[in-house]
>>> print(open('coords-v4.cif').read())   # mmCIF, C-alpha atoms
data_start
loop_
_atom_site.label_atom_id
_atom_site.label_comp_id
_atom_site.auth_asym_id
_atom_site.auth_seq_id
_atom_site.Cartn_x
_atom_site.Cartn_y
_atom_site.Cartn_z
CA MET A 58 -44.71 -70.03 -122.07
CA GLU A 59 -47.43 -68.87 -119.74
CA ILE A 60 -46.86 -68.89 -115.98
CA LYS A 61 -49.44 -67.93 -113.38
CA VAL A 62 -49.01 -67.47 -109.65
CA LEU A 63 -52.34 -67.97 -107.88
CA GLY A 64 -52.94 -66.17 -104.61
CA PRO A 65 -55.28 -63.65 -103.03
CA GLY A 66 -52.34 -61.54 -101.82
CA CYS A 67 -51.17 -63.14 -98.63
CA TYR A 68 -47.55 -63.35 -97.51
CA ASN A 69 -46.89 -66.81 -98.93
CA CYS A 70 -48.32 -65.85 -102.30
CA GLN A 71 -45.94 -62.90 -102.54
CA ILE A 72 -42.98 -65.11 -101.71
CA LEU A 73 -43.96 -67.63 -104.37
CA GLU A 74 -44.28 -64.84 -106.93
CA GLU A 75 -40.80 -63.58 -106.07
CA ILE A 76 -39.35 -67.09 -106.36
CA THR A 77 -41.05 -67.62 -109.72
CA VAL A 78 -39.92 -64.30 -111.19
CA LYS A 79 -36.38 -65.05 -110.05
CA ALA A 80 -36.52 -68.55 -111.54
CA VAL A 81 -37.65 -67.20 -114.92
CA LYS A 82 -34.91 -64.58 -114.89
CA GLU A 83 -32.17 -67.06 -113.95
CA LEU A 84 -33.29 -69.50 -116.64
CA GLY A 85 -33.19 -66.67 -119.15
CA ILE A 86 -36.43 -67.64 -120.86
CA GLY A 87 -39.00 -65.21 -122.14
CA ALA A 88 -41.92 -66.30 -120.05
CA LYS A 89 -44.43 -63.89 -118.58
CA VAL A 90 -45.33 -64.33 -114.91
CA GLU A 91 -48.91 -63.35 -114.27
CA LYS A 92 -50.31 -62.84 -110.78
CA VAL A 93 -53.86 -64.12 -110.40
CA THR A 94 -55.78 -62.71 -107.45
CA ASP A 95 -59.38 -63.29 -108.53
CA MET A 96 -60.77 -65.97 -106.26
CA PHE A 97 -62.94 -67.72 -108.87
CA GLU A 98 -60.06 -67.73 -111.32
CA ILE A 99 -57.79 -69.26 -108.66
CA MET A 100 -60.38 -71.86 -107.81
CA LYS A 101 -60.53 -73.11 -111.37
CA TYR A 102 -57.21 -74.73 -110.54
CA THR A 103 -57.04 -75.39 -106.81
CA MET A 104 -58.40 -74.79 -103.31
CA SER A 105 -54.95 -74.55 -101.72
CA THR A 106 -53.10 -71.28 -102.15
CA PRO A 107 -50.59 -70.26 -103.25
CA GLY A 108 -50.64 -72.11 -106.57
CA LEU A 109 -48.28 -72.27 -109.53
CA VAL A 110 -49.72 -72.88 -112.99
CA ILE A 111 -47.50 -73.47 -116.01
CA ASN A 112 -49.06 -73.65 -119.48
CA GLY A 113 -52.51 -74.14 -117.99
CA LYS A 114 -51.47 -77.00 -115.71
CA LEU A 115 -51.33 -76.81 -111.91
CA LYS A 116 -47.78 -77.64 -110.84
CA HIS A 117 -47.81 -76.71 -107.18
CA ALA A 118 -50.42 -75.89 -104.55
CA GLY A 119 -50.27 -74.89 -100.91
CA ARG A 120 -47.59 -75.03 -98.29
CA PRO A 121 -44.73 -75.70 -97.90
CA LEU A 122 -43.60 -73.45 -100.74
CA PRO A 123 -41.38 -74.93 -103.43
CA THR A 124 -37.73 -73.89 -103.45
CA LEU A 125 -36.20 -71.79 -106.22
CA GLU A 126 -34.50 -74.94 -107.58
CA LYS A 127 -37.80 -76.82 -107.62
CA VAL A 128 -39.58 -74.02 -109.52
CA LYS A 129 -36.75 -73.89 -112.05
CA GLU A 130 -37.05 -77.63 -112.55
CA LEU A 131 -40.83 -77.40 -113.04
CA ILE A 132 -40.38 -74.65 -115.64
CA LYS A 133 -37.56 -76.51 -117.43
CA ARG A 134 -39.67 -79.63 -117.68
CA GLU A 135 -42.34 -77.63 -119.51
CA THR A 136 -39.96 -75.96 -121.92
CA VAL A 137 -38.73 -79.19 -123.49
CA MET B 44 -31.50 -90.96 -70.91
CA LEU B 45 -32.48 -87.46 -71.94
CA LYS B 46 -32.39 -86.38 -68.32
CA ASN B 47 -28.83 -87.67 -67.94
CA PHE B 48 -27.82 -86.01 -71.17
CA SER B 49 -29.05 -82.57 -70.07
CA LYS B 50 -27.42 -83.07 -66.66
CA TYR B 51 -24.20 -83.97 -68.41
CA ILE B 52 -24.27 -80.76 -70.46
CA THR B 53 -25.19 -78.61 -67.48
CA TYR B 54 -22.74 -79.92 -64.92
CA ASN B 55 -19.89 -81.43 -66.95
CA LEU B 56 -19.69 -79.40 -70.14
CA LEU B 57 -20.84 -76.05 -68.75
CA GLY B 58 -19.34 -76.80 -65.36
CA LEU B 59 -22.17 -75.23 -63.37
CA GLU B 60 -22.32 -75.82 -59.66
CA ASP B 61 -24.71 -78.59 -58.66
CA GLY B 62 -27.93 -77.63 -56.95
CA THR B 63 -27.88 -73.88 -57.56
CA TYR B 64 -31.02 -72.26 -58.84
CA PHE B 65 -29.38 -71.16 -62.08
CA ALA B 66 -27.96 -74.62 -62.80
CA ASN B 67 -31.36 -76.20 -62.23
CA ALA B 68 -32.95 -73.73 -64.62
CA ILE B 69 -30.36 -74.50 -67.31
CA ASP B 70 -30.76 -78.23 -66.78
CA PHE B 71 -34.54 -77.90 -67.08
CA PHE B 72 -34.22 -75.71 -70.18
CA ILE B 73 -31.95 -78.15 -72.02
CA TYR B 74 -34.04 -81.15 -71.08
CA ASP B 75 -37.34 -79.56 -72.10
CA THR B 76 -35.96 -78.10 -75.31
CA ILE B 77 -34.69 -81.45 -76.52
CA LYS B 78 -37.81 -83.28 -75.41
CA ILE B 79 -40.23 -80.86 -77.05
CA PHE B 80 -38.33 -80.56 -80.33
CA LEU B 81 -38.06 -84.34 -80.58
CA LEU B 82 -41.79 -84.69 -79.93
CA LEU B 83 -42.62 -81.91 -82.38
CA SER B 84 -40.52 -83.38 -85.17
CA ILE B 85 -41.99 -86.84 -84.78
CA ILE B 86 -45.60 -85.74 -84.41
CA ILE B 87 -45.56 -83.13 -87.18
CA PHE B 88 -43.99 -85.74 -89.45
CA VAL B 89 -46.68 -88.31 -88.67
CA ILE B 90 -49.51 -85.77 -88.99
CA SER B 91 -48.05 -84.56 -92.30
CA ILE B 92 -48.28 -88.07 -93.70
CA ILE B 93 -51.91 -88.31 -92.60
CA ARG B 94 -52.45 -84.80 -93.94
CA SER B 95 -51.14 -85.72 -97.38
CA HIS B 96 -54.15 -88.02 -97.66
CA PHE B 97 -56.60 -85.18 -97.03
CA PRO B 98 -56.01 -82.24 -99.37
CA PRO B 99 -58.88 -79.70 -99.21
CA GLU B 100 -60.27 -80.97 -102.51
CA LYS B 101 -60.75 -84.40 -100.99
CA THR B 102 -62.05 -83.08 -97.65
CA LYS B 103 -64.66 -81.18 -99.62
CA ARG B 104 -65.73 -84.33 -101.41
CA ILE B 105 -65.97 -86.28 -98.16
CA LEU B 106 -68.08 -83.63 -96.46
CA SER B 107 -70.39 -82.89 -99.38
CA HIS B 108 -72.52 -85.97 -98.83
CA LYS B 109 -72.79 -85.86 -95.07
CA LYS B 110 -75.85 -85.22 -92.92
CA GLU B 111 -75.51 -82.40 -90.41
CA PHE B 112 -74.86 -84.33 -87.22
CA ILE B 113 -72.25 -86.78 -88.49
CA GLY B 114 -70.95 -84.07 -90.82
CA ASN B 115 -70.36 -81.72 -87.88
CA ILE B 116 -68.20 -84.18 -86.02
CA LEU B 117 -66.34 -85.30 -89.13
CA ALA B 118 -65.67 -81.70 -90.16
CA ALA B 119 -64.24 -80.82 -86.75
CA LEU B 120 -61.97 -83.89 -86.91
CA LEU B 121 -60.85 -83.18 -90.48
CA GLY B 122 -60.09 -79.62 -89.37
CA ILE B 123 -57.31 -81.00 -87.20
CA VAL B 124 -55.42 -82.65 -90.03
CA THR B 125 -56.16 -80.28 -92.90
CA PRO B 126 -53.62 -77.55 -93.57
CA PHE B 127 -55.06 -74.13 -92.93
CA CYS B 128 -53.93 -70.56 -93.01
CA SER B 129 -56.21 -67.58 -92.88
CA CYS B 130 -55.75 -66.84 -96.57
CA SER B 131 -56.90 -70.32 -97.56
CA ALA B 132 -60.14 -69.83 -95.63
CA LEU B 133 -61.76 -68.16 -98.64
CA PRO B 134 -61.19 -70.82 -101.29
CA LEU B 135 -62.16 -73.45 -98.73
CA PHE B 136 -65.38 -71.69 -97.90
CA ILE B 137 -66.37 -71.09 -101.53
CA GLY B 138 -65.41 -74.63 -102.48
CA PHE B 139 -67.45 -76.11 -99.65
CA VAL B 140 -70.52 -74.05 -100.54
CA GLU B 141 -70.22 -75.07 -104.16
CA ALA B 142 -70.00 -78.73 -103.22
CA GLY B 143 -73.20 -78.39 -101.22
CA VAL B 144 -71.56 -78.75 -97.81
CA PRO B 145 -74.09 -77.23 -95.37
CA LEU B 146 -73.02 -74.14 -93.38
CA GLY B 147 -73.38 -76.13 -90.17
CA VAL B 148 -70.71 -78.50 -91.45
CA THR B 149 -68.44 -75.83 -92.98
CA PHE B 150 -68.07 -73.91 -89.73
CA PRO B 151 -66.80 -76.73 -87.48
CA PHE B 152 -64.03 -77.13 -90.01
CA LEU B 153 -63.17 -73.43 -90.08
CA ILE B 154 -63.19 -73.37 -86.28
CA SER B 155 -61.20 -76.46 -85.40
CA SER B 156 -58.58 -76.04 -88.12
CA PRO B 157 -56.67 -73.13 -86.56
CA MET B 158 -57.51 -74.01 -82.95
CA VAL B 159 -56.61 -77.67 -82.68
CA ASN B 160 -53.48 -78.68 -84.55
CA GLU B 161 -50.36 -80.70 -84.05
CA VAL B 162 -48.24 -77.81 -82.80
CA ALA B 163 -50.76 -76.89 -80.10
CA VAL B 164 -51.08 -80.52 -79.08
CA VAL B 165 -47.35 -81.16 -78.75
CA LEU B 166 -46.70 -77.95 -76.83
CA LEU B 167 -49.53 -78.55 -74.40
CA PHE B 168 -48.37 -82.11 -73.92
CA GLY B 169 -44.72 -81.17 -73.47
CA LEU B 170 -45.37 -78.31 -71.05
CA PHE B 171 -48.54 -79.29 -69.18
CA GLY B 172 -48.87 -83.07 -69.53
CA TRP B 173 -51.38 -85.37 -71.22
CA LYS B 174 -54.39 -84.51 -69.09
CA VAL B 175 -54.49 -80.86 -70.14
CA THR B 176 -53.82 -81.89 -73.75
CA VAL B 177 -56.73 -84.32 -73.88
CA VAL B 178 -59.06 -81.78 -72.28
CA TYR B 179 -57.95 -79.10 -74.74
CA ILE B 180 -58.49 -81.31 -77.81
CA GLY B 181 -61.85 -82.49 -76.51
CA ALA B 182 -62.99 -78.98 -75.69
CA GLY B 183 -61.71 -77.60 -79.00
CA LEU B 184 -63.70 -80.20 -80.91
CA LEU B 185 -66.72 -79.52 -78.70
CA VAL B 186 -66.56 -75.78 -79.40
CA ALA B 187 -66.26 -76.46 -83.13
CA ILE B 188 -69.13 -78.95 -83.18
CA ILE B 189 -71.48 -76.84 -81.05
CA GLY B 190 -70.62 -73.65 -82.94
CA GLY B 191 -71.33 -75.37 -86.25
CA PHE B 192 -74.48 -77.03 -84.97
CA VAL B 193 -76.02 -73.76 -83.75
CA ILE B 194 -75.07 -71.90 -86.94
CA GLY B 195 -76.58 -74.74 -88.99
CA LYS B 196 -79.84 -74.69 -87.02
CA LEU B 197 -80.22 -70.93 -87.42
CA LYS B 198 -80.39 -71.32 -91.23
CA LEU B 199 -78.24 -68.34 -92.07
CA GLY B 200 -77.57 -69.14 -95.72
CA LYS B 201 -79.12 -65.83 -96.78
CA TRP B 202 -76.27 -64.02 -95.05
CA VAL B 203 -73.63 -65.55 -97.25
CA GLU B 204 -72.55 -63.17 -100.02
CA GLU B 205 -74.57 -63.98 -103.17
CA TYR B 206 -71.57 -64.21 -105.47
CA VAL B 207 -70.34 -67.24 -103.54
CA TYR B 208 -73.32 -69.20 -104.88
CA ALA B 209 -72.44 -68.14 -108.40
CA PHE B 210 -69.27 -70.19 -108.44
CA HIS B 211 -69.51 -73.37 -110.47
CA ASN B 212 -66.56 -75.44 -111.30
CA GLY B 213 -68.29 -78.72 -111.85
CA GLY B 214 -66.79 -79.49 -108.48
CA GLN B 215 -64.06 -81.71 -109.84
CA TYR B 216 -60.41 -81.14 -109.24
CA GLU B 217 -57.81 -83.56 -110.26
CA ILE B 218 -56.12 -84.83 -107.13
CA ALA B 219 -52.53 -85.57 -107.94
CA LYS B 220 -51.53 -89.17 -107.31
CA GLN B 221 -48.79 -89.42 -104.72
CA SER B 222 -46.48 -92.31 -104.06
CA PHE B 223 -45.46 -93.14 -100.51
CA LYS B 224 -42.09 -91.60 -101.29
CA ASP B 225 -43.80 -88.35 -102.31
CA ARG B 226 -45.66 -88.33 -99.01
CA LEU B 227 -42.47 -88.87 -97.02
CA GLN B 228 -40.85 -86.04 -98.92
CA TYR B 229 -43.84 -83.79 -98.26
CA ALA B 230 -43.82 -84.72 -94.56
CA ARG B 231 -40.12 -83.92 -94.31
CA ASP B 232 -40.50 -80.53 -96.03
CA ASN B 233 -43.58 -79.69 -94.00
CA THR B 234 -41.91 -80.58 -90.70
CA LYS B 235 -38.96 -78.36 -91.57
CA ASP B 236 -41.28 -75.57 -92.68
CA ILE B 237 -43.30 -75.62 -89.45
CA LEU B 238 -40.28 -75.94 -87.15
CA LYS B 239 -38.68 -73.00 -88.90
CA ARG B 240 -41.73 -70.90 -88.13
CA VAL B 241 -42.27 -71.88 -84.50
CA TRP B 242 -38.88 -72.64 -82.93
CA LEU B 243 -38.38 -69.19 -81.45
CA TYR B 244 -41.77 -69.12 -79.72
CA ILE B 245 -41.09 -72.52 -78.27
CA LEU B 246 -37.71 -71.52 -76.86
CA ILE B 247 -39.37 -68.48 -75.30
CA ALA B 248 -42.07 -70.65 -73.73
CA ILE B 249 -39.54 -73.06 -72.31
CA GLY B 250 -37.37 -70.17 -71.18
CA ILE B 251 -40.29 -68.66 -69.29
CA GLY B 252 -40.85 -72.00 -67.63
CA GLY B 253 -37.26 -72.27 -66.53
CA PHE B 254 -36.27 -68.75 -65.57
CA ILE B 255 -39.24 -66.62 -64.58
CA HIS B 256 -40.34 -69.50 -62.40
CA GLY B 257 -38.44 -68.40 -59.34
CA TYR B 258 -38.35 -64.64 -59.79
CA VAL B 259 -41.98 -63.59 -59.82
CA PRO B 260 -44.12 -64.90 -56.94
CA GLU B 261 -46.28 -67.77 -58.09
CA ASP B 262 -49.52 -66.32 -56.89
CA PHE B 263 -48.77 -62.94 -58.48
CA LEU B 264 -51.96 -63.02 -60.58
CA THR B 265 -54.02 -65.41 -58.48
CA HIS B 266 -55.81 -62.59 -56.78
CA TYR B 267 -56.93 -61.08 -60.08
CA ALA B 268 -57.46 -64.10 -62.27
CA GLY B 269 -57.51 -67.19 -60.08
CA LYS B 270 -60.43 -69.58 -59.79
CA GLY B 271 -62.06 -67.31 -57.23
CA ASN B 272 -62.73 -64.52 -59.71
CA ILE B 273 -65.78 -65.33 -61.81
CA PHE B 274 -65.02 -62.53 -64.27
CA ALA B 275 -61.58 -63.91 -65.14
CA VAL B 276 -62.83 -66.21 -67.92
CA PRO B 277 -64.98 -63.70 -69.86
CA VAL B 278 -62.33 -60.98 -69.51
CA ALA B 279 -59.59 -63.33 -70.77
CA VAL B 280 -61.74 -64.44 -73.72
CA LEU B 281 -62.78 -60.91 -74.67
CA LEU B 282 -59.13 -59.86 -74.56
CA GLY B 283 -58.17 -62.85 -76.73
CA VAL B 284 -60.78 -62.41 -79.48
CA PRO B 285 -59.20 -59.50 -81.38
CA LEU B 286 -55.64 -60.73 -80.79
CA TYR B 287 -54.12 -62.80 -83.52
CA SER B 288 -51.55 -65.52 -83.18
CA ASN B 289 -51.08 -69.13 -84.10
CA ALA B 290 -50.96 -71.78 -81.39
CA ALA B 291 -47.17 -71.64 -81.12
CA GLY B 292 -47.12 -67.89 -80.64
CA VAL B 293 -49.68 -67.83 -77.86
CA ILE B 294 -48.14 -70.67 -75.85
CA PRO B 295 -45.40 -68.58 -74.17
CA VAL B 296 -48.05 -66.16 -72.95
CA VAL B 297 -50.24 -69.03 -71.79
CA TYR B 298 -47.34 -70.56 -69.93
CA ALA B 299 -46.36 -67.31 -68.23
CA LEU B 300 -49.95 -66.58 -67.15
CA MET B 301 -50.37 -70.03 -65.73
CA GLU B 302 -47.07 -69.97 -63.88
CA LYS B 303 -48.19 -66.82 -62.15
CA GLY B 304 -51.44 -68.14 -60.83
CA VAL B 305 -54.07 -67.69 -63.54
CA SER B 306 -56.17 -70.84 -63.47
CA MET B 307 -55.89 -73.44 -66.21
CA GLY B 308 -59.42 -73.03 -67.56
CA THR B 309 -59.04 -69.30 -67.93
CA VAL B 310 -55.71 -69.68 -69.72
CA LEU B 311 -56.95 -72.37 -72.13
CA ALA B 312 -60.06 -70.34 -72.93
CA PHE B 313 -57.76 -67.40 -73.68
CA MET B 314 -55.69 -69.60 -75.98
CA MET B 315 -58.80 -70.76 -77.86
CA ALA B 316 -60.04 -67.21 -78.31
CA VAL B 317 -56.67 -66.08 -79.67
CA THR B 318 -56.27 -68.95 -82.14
CA ALA B 319 -59.88 -69.43 -83.29
CA LEU B 320 -61.01 -65.81 -83.59
CA SER B 321 -59.03 -62.87 -84.84
CA LEU B 322 -59.52 -59.53 -86.53
CA PRO B 323 -57.53 -60.43 -89.68
CA GLU B 324 -59.54 -63.63 -90.08
CA MET B 325 -62.80 -61.70 -89.71
CA ILE B 326 -61.70 -59.26 -92.40
CA ILE B 327 -61.03 -62.16 -94.73
CA LEU B 328 -64.29 -63.95 -93.88
CA ARG B 329 -66.16 -60.69 -94.43
CA LYS B 330 -65.54 -61.24 -98.15
CA VAL B 331 -67.88 -64.24 -98.09
CA LEU B 332 -70.07 -63.58 -95.05
CA LYS B 333 -72.40 -60.64 -94.54
CA ILE B 334 -72.00 -58.73 -91.31
CA PRO B 335 -74.94 -60.30 -89.43
CA LEU B 336 -73.56 -63.82 -89.99
CA LEU B 337 -70.09 -62.70 -89.02
CA CYS B 338 -71.47 -61.28 -85.77
CA VAL B 339 -73.45 -64.44 -85.07
CA PHE B 340 -70.28 -66.47 -85.66
CA VAL B 341 -68.16 -64.36 -83.31
CA GLY B 342 -70.96 -64.24 -80.73
CA ILE B 343 -71.55 -67.98 -80.65
CA MET B 344 -67.84 -68.71 -80.54
CA THR B 345 -67.21 -66.26 -77.72
CA ALA B 346 -70.08 -67.65 -75.65
CA THR B 347 -69.04 -71.26 -76.23
CA ILE B 348 -65.40 -70.60 -75.37
CA ILE B 349 -66.39 -68.78 -72.17
CA ALA B 350 -68.59 -71.74 -71.20
CA VAL B 351 -65.73 -74.13 -71.87
CA GLY B 352 -63.43 -71.96 -69.76
CA TYR B 353 -65.74 -72.32 -66.76
CA LEU B 354 -65.98 -76.05 -67.41
CA PHE B 355 -62.17 -76.34 -67.44
CA ASN B 356 -61.88 -74.41 -64.21
CA ALA B 357 -64.39 -76.73 -62.60
CA ILE B 358 -62.69 -79.99 -63.63
CA LEU B 359 -58.97 -79.20 -63.84
#
>>> encode(input="coords-v4.cif", output="structure tokens")
Amino acid sequence: MEIKVLGPGCYNCQILEEITVKAVKELGIGAKVEKVTDMFEIMKYTMSTPGLVINGKLKHAGRPLPTLEKVKELIKRETV
Amino acid sequence: MLKNFSKYITYNLLGLEDGTYFANAIDFFIYDTIKIFLLLSIIIFVISIIRSHFPPEKTKRILSHKKEFIGNILAALLGIVTPFCSCSALPLFIGFVEAGVPLGVTFPFLISSPMVNEVAVVLLFGLFGWKVTVVYIGAGLLVAIIGGFVIGKLKLGKWVEEYVYAFHNGGQYEIAKQSFKDRLQYARDNTKDILKRVWLYILIAIGIGGFIHGYVPEDFLTHYAGKGNIFAVPVAVLLGVPLYSNAAGVIPVVYALMEKGVSMGTVLAFMMAVTALSLPEMIILRKVLKIPLLCVFVGIMTATIIAVGYLFNAIL
């Protein structure tokens, strides 16, 4: 599975990355979390940062940030 | 009802002596805290529902086909309800340029978004009353519209970084369909999120209102920054430009200054300068704007806010 956190490096983006890494670890799956900071790359998916992309699909964008539980759920839905 | 409730807490539960200065301050503090948090929760919730209808992708689409004049006004209004933080300024800007939104329409949006928002509106209303609130919203929109209009007329497109024009996405994002239940959920989460960020500032503002009130003479600053001093407005604005805070953070300062005799217009102009212009925002905008355009932007904004400050002082 391929997971991307989209964000130019602001506070909220860092928090979302932390949440996502933690979610992957707690689920015990072998997914790689990639941080995308290139603006054009981000904007292929959304105009609202931070964004969460799982397997090429935008799953979350903007504030308020999703909770750890929510991110886990989003990832689980994609693994089935 | 709320008044009785706060009186009940002050005099019955806390057992404070009626009529003392301290008891009055506590009574005032409890009453205002409850009133403002109630207002905030309701208004943020309602705005969040409206907001869920205008994600940036949709705002972009709406503005891309607008002529400058109507576009200016519409952009300033959309700025109020569209979520904005300084790090989302970049994707917004690039997206707008790609969609063919003129610069003169992009700027009102970038200006009004941080300056006029639901938190600012509720706090002004709760602490200063509806008249000040209406004047602030009106003036904020005016600053955004005029700023955008002038920038549009100057035809400064050449001072936008070239790479911005290189972005092509076909301009189409999928906008996720939301049910009404989704929107309610979003509104609830967003209200919680905002309250969590601003509650402390608000308590400080209300605390200043209640407690400093009697201890520092009311005309403490009048001599330096009252209506009589014509330099008060430009000095306040120039001080506010590099400072960075959101509307909630600057309100305690605004309240304290006003309590101590700085005139309303000067204080509101200060608030606009702090929220609309800041060093961190300039550093971010520098990634898409060349320095001359950035300077023009700051210059026009500063001048317009100073003018509005004088206008406030004359009518309030």
>>> residues_around(input="coords-v4.cif", residues="Pro335 (chain B)", least_positions_apart="3", cutoff="12 Å", atoms="only C-alpha atoms", output="list in words")
Ile194, Leu199, Gly200, Lys201, Trp202, Val203, Glu204, Arg329, Val331, Leu332, Cys338, Val339, Phe340, Val341 and Gly342 of chain B
>>> residues_around(input="coords-v4.cif", residues="Lys92 (chain A)", least_positions_apart="6", cutoff="12 Å", atoms="all atoms listed in the file", output="number ranges by chain")
A: 59-66, 70-75, 77-78, 98-99, 107-110
>>> interface_residues(input="coords-v4.cif", of="chain A", to="chain B", cutoff="10 Å", atoms="all atoms listed in the file", output="mmCIF file with C-alpha atoms, in the coordinates of the input")
data_model
loop_
_atom_site.group_PDB
_atom_site.id
_atom_site.type_symbol
_atom_site.label_atom_id
_atom_site.label_comp_id
_atom_site.auth_asym_id
_atom_site.auth_seq_id
_atom_site.Cartn_x
_atom_site.Cartn_y
_atom_site.Cartn_z
ATOM 1 C CA GLY A 64 -52.940 -66.170 -104.610
ATOM 2 C CA PRO A 65 -55.280 -63.650 -103.030
ATOM 3 C CA GLY A 66 -52.340 -61.540 -101.820
ATOM 4 C CA CYS A 67 -51.170 -63.140 -98.630
ATOM 5 C CA TYR A 68 -47.550 -63.350 -97.510
ATOM 6 C CA ASN A 69 -46.890 -66.810 -98.930
ATOM 7 C CA CYS A 70 -48.320 -65.850 -102.300
ATOM 8 C CA MET A 96 -60.770 -65.970 -106.260
ATOM 9 C CA PHE A 97 -62.940 -67.720 -108.870
ATOM 10 C CA GLU A 98 -60.060 -67.730 -111.320
ATOM 11 C CA ILE A 99 -57.790 -69.260 -108.660
ATOM 12 C CA MET A 100 -60.380 -71.860 -107.810
ATOM 13 C CA LYS A 101 -60.530 -73.110 -111.370
ATOM 14 C CA TYR A 102 -57.210 -74.730 -110.540
ATOM 15 C CA THR A 103 -57.040 -75.390 -106.810
ATOM 16 C CA MET A 104 -58.400 -74.790 -103.310
ATOM 17 C CA SER A 105 -54.950 -74.550 -101.720
ATOM 18 C CA THR A 106 -53.100 -71.280 -102.150
ATOM 19 C CA PRO A 107 -50.590 -70.260 -103.250
ATOM 20 C CA LEU A 115 -51.330 -76.810 -111.910
ATOM 21 C CA LYS A 116 -47.780 -77.640 -110.840
ATOM 22 C CA ALA A 118 -50.420 -75.890 -104.550
ATOM 23 C CA GLY A 119 -50.270 -74.890 -100.910
ATOM 24 C CA ARG A 120 -47.590 -75.030 -98.290
ATOM 25 C CA PRO A 121 -44.730 -75.700 -97.900
ATOM 26 C CA LEU A 122 -43.600 -73.450 -100.740
ATOM 27 C CA PRO A 123 -41.380 -74.930 -103.430
#
>>> atom_distance(input="coords-v4.cif", atom1="CA of Phe72 (chain B)", atom2="CA of Pro157 (chain B)")
27.9 Å
>>> resolve_selection(input="coords-v4.cif", expression="the PyMOL selection byres ((chain B and resi 248) around 8)", output="list in words")
Tyr244, Ile245, Leu246, Ile247, Ile249, Gly250, Ile251, Gly252, Ile294, Pro295, Val296, Tyr298 and Ala299 of chain B
>>> build_atoms(input="coords-v4.cif", residues="region 167-181 of chain B", atoms="N, CA and C atoms", output="PDB file, in the coordinates of the input")
ATOM      1  N   LEU B 167     -48.758 -78.324 -75.622  1.00  0.00           N
ATOM      2  CA  LEU B 167     -49.530 -78.550 -74.400  1.00  0.00           C
ATOM      3  C   LEU B 167     -49.052 -79.800 -73.698  1.00  0.00           C
ATOM      4  N   PHE B 168     -48.823 -80.852 -74.493  1.00  0.00           N
ATOM      5  CA  PHE B 168     -48.370 -82.110 -73.920  1.00  0.00           C
ATOM      6  C   PHE B 168     -46.997 -81.962 -73.259  1.00  0.00           C
ATOM      7  N   GLY B 169     -46.083 -81.312 -73.974  1.00  0.00           N
ATOM      8  CA  GLY B 169     -44.720 -81.170 -73.470  1.00  0.00           C
ATOM      9  C   GLY B 169     -44.644 -80.296 -72.223  1.00  0.00           C
ATOM     10  N   LEU B 170     -45.480 -79.270 -72.146  1.00  0.00           N
ATOM     11  CA  LEU B 170     -45.370 -78.310 -71.050  1.00  0.00           C
ATOM     12  C   LEU B 170     -46.334 -78.590 -69.905  1.00  0.00           C
ATOM     13  N   PHE B 171     -47.521 -79.139 -70.220  1.00  0.00           N
ATOM     14  CA  PHE B 171     -48.540 -79.290 -69.180  1.00  0.00           C
ATOM     15  C   PHE B 171     -48.954 -80.739 -68.920  1.00  0.00           C
ATOM     16  N   GLY B 172     -48.504 -81.671 -69.761  1.00  0.00           N
ATOM     17  CA  GLY B 172     -48.870 -83.070 -69.530  1.00  0.00           C
ATOM     18  C   GLY B 172     -50.090 -83.505 -70.339  1.00  0.00           C
ATOM     19  N   TRP B 173     -50.361 -84.826 -70.318  1.00  0.00           N
ATOM     20  CA  TRP B 173     -51.380 -85.370 -71.220  1.00  0.00           C
ATOM     21  C   TRP B 173     -52.797 -84.984 -70.827  1.00  0.00           C
ATOM     22  N   LYS B 174     -53.019 -84.771 -69.519  1.00  0.00           N
ATOM     23  CA  LYS B 174     -54.390 -84.510 -69.090  1.00  0.00           C
ATOM     24  C   LYS B 174     -54.923 -83.198 -69.697  1.00  0.00           C
ATOM     25  N   VAL B 175     -54.117 -82.154 -69.582  1.00  0.00           N
ATOM     26  CA  VAL B 175     -54.490 -80.860 -70.140  1.00  0.00           C
ATOM     27  C   VAL B 175     -54.671 -80.963 -71.657  1.00  0.00           C
ATOM     28  N   THR B 176     -53.769 -81.742 -72.289  1.00  0.00           N
ATOM     29  CA  THR B 176     -53.820 -81.890 -73.750  1.00  0.00           C
ATOM     30  C   THR B 176     -55.135 -82.523 -74.191  1.00  0.00           C
ATOM     31  N   VAL B 177     -55.492 -83.621 -73.519  1.00  0.00           N
ATOM     32  CA  VAL B 177     -56.730 -84.320 -73.880  1.00  0.00           C
ATOM     33  C   VAL B 177     -57.937 -83.402 -73.673  1.00  0.00           C
ATOM     34  N   VAL B 178     -57.945 -82.689 -72.562  1.00  0.00           N
ATOM     35  CA  VAL B 178     -59.060 -81.780 -72.280  1.00  0.00           C
ATOM     36  C   VAL B 178     -59.133 -80.684 -73.346  1.00  0.00           C
ATOM     37  N   TYR B 179     -57.965 -80.163 -73.737  1.00  0.00           N
ATOM     38  CA  TYR B 179     -57.950 -79.100 -74.740  1.00  0.00           C
ATOM     39  C   TYR B 179     -58.488 -79.598 -76.091  1.00  0.00           C
ATOM     40  N   ILE B 180     -58.020 -80.768 -76.527  1.00  0.00           N
ATOM     41  CA  ILE B 180     -58.490 -81.310 -77.810  1.00  0.00           C
ATOM     42  C   ILE B 180     -59.998 -81.541 -77.753  1.00  0.00           C
ATOM     43  N   GLY B 181     -60.429 -82.195 -76.658  1.00  0.00           N
ATOM     44  CA  GLY B 181     -61.850 -82.490 -76.510  1.00  0.00           C
ATOM     45  C   GLY B 181     -62.684 -81.218 -76.534  1.00  0.00           C
TER      46      GLY B 181
END
